[in-house]
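**Q** So that we are looking at the same thing, I have put the structure below in structure tokens.
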Amino acid sequence: MSSEFSKIKESLASWSEIRQLLRGGESGQLVPVVIPKDRRGFAWLTLVFLALYLAGTALLSGGVFSALAALGAVLSLVVALVWLWRRAIIEIEEGTTGVRSRWGAIVGTLPPGRHYLWLPWDRVDAVVDTSTEIPYSAPIVACPTAENVPLKSIEFFLKFRIIDPVAFVRTIGAGNFDLVLSSAVQDAIRQRSRLVHTERAYDLRGSDVGDMQELLTRQLGRYGVRITGANIPDVQLPDQYQQHLATREKVAKELSAFEREWELTRKRRIDTLLMEIERSKKTRDARIVEVRAAANTARKDVARMLEEHETEAQRVRWEIEAKGRAQLTSAENEAKGLRRLADAYRDNRAVLQYELARRRLDVGAKLAENAPRPVVVRTDGAGGESSVLSTMLLAQILPQLGSGNGQVKRAVEPN
């Protein structure tokens, strides 16, 4: 960053050096105005007076000398006129404007091109660059911020163009304009820096400075100058504050890196937990399938056991019924024999009837003792586990019922 203000000055030079000074400056300084050296004078009058003298000599003398004097007078006059013509030519470069004066008073301007100034008192006081946008750099040192912390420097860059060369030359001039411009730029920059907090000082880089440009245009407009652009390319904080900001940036970067690392660790842990959860779900589902398969197998075994016990019970019932039918048939046959015997013993009818009735009672009692008793098992259809339990208990009790000689000790009614 440049550590010095751009310098604006006006230079005195010949017409051949004007273009170079306006475009390239002088010794690193900006030269928007050049005062041309007046190359005209009254030397051509010497030839005019010589021509008059020779003409008078030709008139007063005669012969060959008169002819030579006349020729010398004509040549002197021609040379004087050519000299006057050459000295009267004024060439204004493209993009520049000449300020014309007469007897020291500015009377107007001369556009680019060739002009003729015949009179010696009619001259060009200055040649002003009116087309080029002139760059101007202003590094402002020790600009206090809103917290009154002096910034190391703020570089302010602007471009201006001279739009009224007469007002510029007549009112201020290049040398005085340099002082006014540098003062105005410093005031504008310091006012802007007062509005900025120190931690936000770097925001001035490339910030919008349209208000500063308008302010400078209003201040410098009366000098015939217009600001065409402005910006703040660089801001430098104090060394100690820069170290502080560097430390803050380092801490912020470390914090950001730690946050990213923690985020990655958290995501990794979450993924691990989700995988464990999925694995546990799969294990649980597998165990549920195994349990359901075991339950189905147990149900099948219980159903098969029940079918076997029901078959066994059916066989026992059929055997008991067969024995009962056989005993009933035997009793009926015996009754028939007794009836025949009763016919034989009609005289002792009362005794026979009594004996028959007693035997009937004995047969009925035996039949009642040997007849199978139904067992009622009450189960709840809604509960699968209680149904399985009751079925298993029934399967254990049925053999005891079958081996009890037809006598039921107690009725089992599981709920």
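Chain labels follow the order of the structure tokens: the first chain is A, the next B, and so on; residue numbering restarts at 1 in every chain, and ligands are counted from 1 in their shown order.
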Can you list, as a VMD selection string, every residue of stretch 149-393 of chain A that DSSP puts in strand (DSSP E or B)?
**A** chain A and resid 150 to 162 225 to 236
**Q** Pick out the residues sitting within 8 Å of A:Pro165, and hand them over as a list in words; count only C-alpha atoms, and ignore anything fewer than 6 positions along from it in its own chain.
**A**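 After dropping sequence-adjacent residues, the list is Thr97, Val99, Val128, Thr130 and Gly224 of chain A.
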**Q** Put those residues in a file: C-alpha atoms, as a JSON list (two decimals), in the first residue's frame.
**A**
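Wrote it out as result.json, contents follow:
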```json
[["chain", "number", "residue", "atom", "x", "y", "z"],
["A", 97, "THR", "CA", -8.71, 22.14, -23.67],
["A", 99, "VAL", "CA", -7.56, 28.39, -21.82],
["A", 128, "VAL", "CA", -6.02, 21.37, -19.24],
["A", 130, "THR", "CA", -10.52, 17.45, -19.59],
["A", 224, "GLY", "CA", -14.96, 22.65, -12.06]]
```
**Q** Quote the spacing between atom CA of A:Glu155 and atom CA of A:Pro233 in Å to one decimal place.
**A**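 Pair atom CA of A:Glu155 / atom CA of A:Pro233 returns 6.3 Å.
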**Q** According to DSSP computed on the backbone, where in stretch 148-367 of chain A is there helix (DSSP H, G or I)? Give the residues as a PyMOL selection string.
**A** chain A and resi 165-171+173-194+198-204+210-223+239-344+349-367
